[in-house]
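Trainee: Just passing along the structure, written as structure tokens.
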Amino acid sequence: MKFIETLKNVWNIEELRNRIIVTLGLLLVYRFGAQVVLPGIDAAQLEGLQGNTEDGLLGLLNAFTGGAFANASVFALGIMPYISASIVVQLMGIAIPYLQKLQKEGASGQKKINQITRWLTIAICLVQAPGYLASLPALGIPQSAFLLGQGGLFYFSSVVILVTGCIFAMWLGEKITDKGIGNGISLLIMVGIIATLPKSFLLNASSRLESNSVMLILFELVIWLLIILASVMLVMGVRKIAVQYARRTASGGYEKNVFGSRQYIPLKLNASGVMPIIFAQAIMFVPSLIGGSSFLKDTATGQWMATNFADIFGFWYNVVFALLIIVFTYFYTAITVPTNKMADDLKRSGGFIPGIRPGTETSEYLDKIMSQITLPGSIFLALIAVFPAIIVKLMSVQSGWALFFGGTSLLIMVGVAIDTMQQVNSYLLNRHYDGLMKTGKNRKAVAQ
């Protein structure tokens, strides 16, 4: 079989084999840490916390940490503080000249930006860790579970451990990127999400079996596979802009009437990835907090906001969520796709888009095309993001399993899986013509 042959080729490449082993080993360390409960908390009395983090926004947060949030684990904060810090630094790069200067300095500048991101991660952890510890009793952990009480010693030691856990998770991600295969931070998030998938599916399947609805299980799986296919299409979809390059002469000039082979600039349908969903998700925490604040909780407006925006499968929550995703898709695409730089690089390399003058006109043309393809891309992204709510309302799917029918969870899984497979594919194509292709022989054998 082709698949078996591909696995053999993967194992035969020593560098790739070692990278995969390192990646799996570090991911195993991360998953082990997610099960280690904070010192001073009785692991046998976590049922209340786990029950309160199965649904809603807390369920989504628990999914991103791979269940560590519900386990009161040393990795309870997960890798999300680092993601938040990265987003903040990226956005600050638009307005702060110092960060703009670092972005233009290449590897040395990126090293300094990474250091700033790490320090900001620690600062975010120092805010989130005490908040998490203070919320544990309200989330269902009884006082008897705190073996050493909730005094200063417990808070100090637990904050240190939670911050250290997040930094260690960040270090694991960076090591996977350097020594393993794929993007380490993204893989940590994906593995955490996948870790909650079997339990969510089994809980939903057991409820279907109790009501003698076996066919519904199969129907849900078919819909799930179709949504995965749609997500792959969104991630892989590109608009190819034809480009021609003038052929260089032996003297180093360009021939006026003879052109080289036609090439393309691939403009992605969804250039912003899952970032608009993450931005929108962060904003969606605000209305319920405002509605439950001391100023509005006794008013009709406050109660309406607290009720409608606390339910992630509610109508108004998802309407606002979808609109924010569309807005943030345009915003993030505008700041991450440098059409001016693309036009300048194309001009310097002697390339041009047929019928478009190099320089400013090329930049405006690329910007126009990006605006045109971003609209359907943003709407498609919004539909996938709110599809879990649709599947809950139409088929009464359990909330934990519904989160895998779209949204950030599914798009992260699909995006990271595709990126990792492409890296493995590049190793195979460098060493084996027949790695992921139908014909060809091993290059090493041909060379001999």
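In the structure tokens, chains take letters A, B, ... by order of appearance, with residues numbered from 1 within each chain and ligands from 1 in the order shown.
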For Pro376 in chain A, please output as a list in words all residues within 10 Å (counting only C-alpha atoms; exclusion window: fewer than 4 positions along the same chain).

Mentor: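 Contacts, in chain order: Leu269, Asn270, Ile326, Ser371, Gln372, Phe380, Leu381 and Ala382 of chain A.
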
Trainee: Run DSSP on the backbone and grab whatever in range 176-363 of chain A lands in strand (DSSP E or B); send it over as a list of chain:residue names.

Mentor: A:Val238, A:Arg239, A:Lys240, A:Ile241, A:Ala242, A:Val243, A:Gln244, A:Tyr245, A:Ala246, A:Arg247, A:Arg248, A:Tyr254, A:Glu255, A:Lys256, A:Asn257, A:Val258, A:Phe259, A:Gln263, A:Tyr264, A:Ile265, A:Pro266, A:Leu267, A:Lys268, A:Gly351, A:Phe352

Trainee: Kindly indicate which residue among A:Phe154, A:Ile390, A:Pro39, A:Ile217 lies nearest to Leu202 in chain A, using only C-alpha atoms for the distances.

Mentor: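 Nearest to Leu202 in chain A: A:Ile217.
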
Trainee: Tell me which of A:Ile391, A:Phe201, A:Met190, A:Gly109 sits closest to Val414 in chain A, counting only C-alpha atoms.

Mentor: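 For Val414 in chain A, the nearest of the candidates is A:Met190.
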
Trainee: Which residue out of A:Leu267, A:Leu27, A:Ile384, A:Leu99 has the minimum interatomic distance to Glu174 in chain A when only C-alpha atoms are used?

Mentor: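 Checking each of A:Leu267, A:Leu27, A:Ile384, A:Leu99 against Glu174 in chain A, counting only C-alpha atoms, the winner is A:Leu27.
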
Trainee: Could you list, as a ChimeraX atom specification, every residue within 10 Å of Leu323 in chain A, counting only C-alpha atoms and ignoring same-chain residues fewer than 6 positions away?

Mentor: /A:280,329,378-379,382

Trainee: Counting only C-alpha atoms, what is within 8 Å of Ile227 in chain A, bar same-chain residues fewer than 3 positions away, as a list in words?

Mentor: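 Contacts, with the query itself left out: Ile223, Trp224, Ala230, Ser231, Ile384, Phe405 and Gly406 of chain A.
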
Trainee: Take CA of Gly314 in chain A and CA of Ala389 in chain A and report the distance between them in Å, one decimal.

Mentor: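 Atom-to-atom, CA of Gly314 in chain A to CA of Ala389 in chain A, that is 7.0 Å.
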
Trainee: Extract, using only C-alpha atoms, all DNA, RNA and protein residues at most 12 Å from Ser157 in chain A, discarding same-chain residues fewer than 2 positions from it, and format them as a ChimeraX atom specification.

Mentor: /A:38-40,74,129-130,133,148,150-155,159-164

Trainee: So that I have them on file, write out the residues from the current selection with C-alpha atoms, as an mmCIF file, in the first residue's frame.

Mentor:
data_model
loop_
_atom_site.group_PDB
_atom_site.id
_atom_site.type_symbol
_atom_site.label_atom_id
_atom_site.label_comp_id
_atom_site.auth_asym_id
_atom_site.auth_seq_id
_atom_site.Cartn_x
_atom_site.Cartn_y
_atom_site.Cartn_z
ATOM 1 C CA LEU A 38 -0.938 21.555 42.092
ATOM 2 C CA PRO A 39 0.644 20.753 45.489
ATOM 3 C CA GLY A 40 -1.784 21.352 48.340
ATOM 4 C CA VAL A 74 0.741 22.676 37.000
ATOM 5 C CA ALA A 129 -2.339 32.734 37.987
ATOM 6 C CA PRO A 130 -3.743 34.483 41.126
ATOM 7 C CA LEU A 133 -6.391 30.232 42.116
ATOM 8 C CA LEU A 148 -2.773 23.391 53.375
ATOM 9 C CA GLN A 150 -5.621 29.042 51.089
ATOM 10 C CA GLY A 151 -3.107 31.210 52.877
ATOM 11 C CA GLY A 152 -0.180 33.167 51.566
ATOM 12 C CA LEU A 153 2.087 30.125 51.334
ATOM 13 C CA PHE A 154 -0.392 28.291 49.085
ATOM 14 C CA TYR A 155 -0.865 31.301 46.824
ATOM 15 C CA VAL A 159 1.648 31.142 41.470
ATOM 16 C CA VAL A 160 5.330 30.258 41.109
ATOM 17 C CA ILE A 161 4.431 26.752 39.897
ATOM 18 C CA LEU A 162 1.788 27.977 37.418
ATOM 19 C CA VAL A 163 4.130 30.597 35.949
ATOM 20 C CA THR A 164 6.936 28.042 35.767
#

Trainee: If you count only C-alpha atoms, which residues fall within 9 Å of Gln422 in chain A, apart from same-chain ones fewer than 5 positions away, as a PyMOL selection string?

Mentor: chain A and resi 182+417+427

Trainee: Given the choices A:Ser206, A:Thr177, A:Asn62, A:Ser409, which gets closest to Thr23 in chain A if the distance is worked out from only C-alpha atoms?

Mentor: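 Of A:Ser206, A:Thr177, A:Asn62, A:Ser409, the one nearest Thr23 in chain A is A:Thr177, counting only C-alpha atoms.
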
Trainee: Please, which residues in range 103-205 of chain A fall within 12 Å of range 44-47 of chain A when counting only C-alpha atoms, and what is the closest atom pair and distance in Å to one decimal for each, ordered by chain then residue number, as a Markdown table?

Mentor:
| residue | atom | partner | partner_atom | distance |
| --- | --- | --- | --- | --- |
| A:Leu136 | CA | A:Leu46 | CA | 9.9 |
| A:Pro137 | CA | A:Leu46 | CA | 10.5 |
| A:Leu139 | CA | A:Leu46 | CA | 9.8 |
| A:Gly140 | CA | A:Leu46 | CA | 7.6 |
| A:Ile141 | CA | A:Leu46 | CA | 6.0 |
| A:Pro142 | CA | A:Gln45 | CA | 7.4 |
| A:Gln143 | CA | A:Gln45 | CA | 9.8 |
| A:Ser144 | CA | A:Gln45 | CA | 8.3 |
| A:Ala145 | CA | A:Gln45 | CA | 5.9 |
| A:Phe146 | CA | A:Gln45 | CA | 9.4 |
| A:Leu147 | CA | A:Gln45 | CA | 10.9 |

Trainee: Write out as a VMD selection string the set of residues from range 135-376 of chain A that DSSP, computed on the backbone, places in alpha helix (DSSP H).

Mentor: chain A and resid 135 152 to 179 184 to 195 197 to 210 214 to 236 275 to 283 285 to 291 300 to 308 315 to 336 339 to 348 360 to 376

Trainee: For a quick check of understanding, using only C-alpha atoms, which of A:Met275, A:Ala63, A:Leu403, A:Leu383 has the smallest distance to Phe331 in chain A?

Mentor: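 When distances to Phe331 in chain A are compared using only C-alpha atoms, the smallest one comes from A:Met275.
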
Trainee: To one decimal place in Å, what is the distance between CA of Leu411 in chain A and CA of Tyr30 in chain A?

Mentor: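 Calculated distance between CA of Leu411 in chain A and CA of Tyr30 in chain A is 21.5 Å.
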
Trainee: Which one is closest to Ile356 in chain A: A:Val274, A:Val386, A:Ile241, A:Ile412? Count only C-alpha atoms.

Mentor: A:Ile241

Trainee: How many Å separate CA of Val238 in chain A from CA of Phe279 in chain A?

Mentor: 23.2 Å

Trainee: Set the distance at 12 Å and use only C-alpha atoms: which residues neighbour Glu15 in chain A once local chain neighbours fewer than 6 positions away are removed? I'd like the list as a list in words.

Mentor: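 Surrounding residues, per the criterion: Asn9, Ile21, Val22, Lys179, Gly180, Ile181, Val424, Tyr427, Leu428, Asn430 and Arg431 of chain A.
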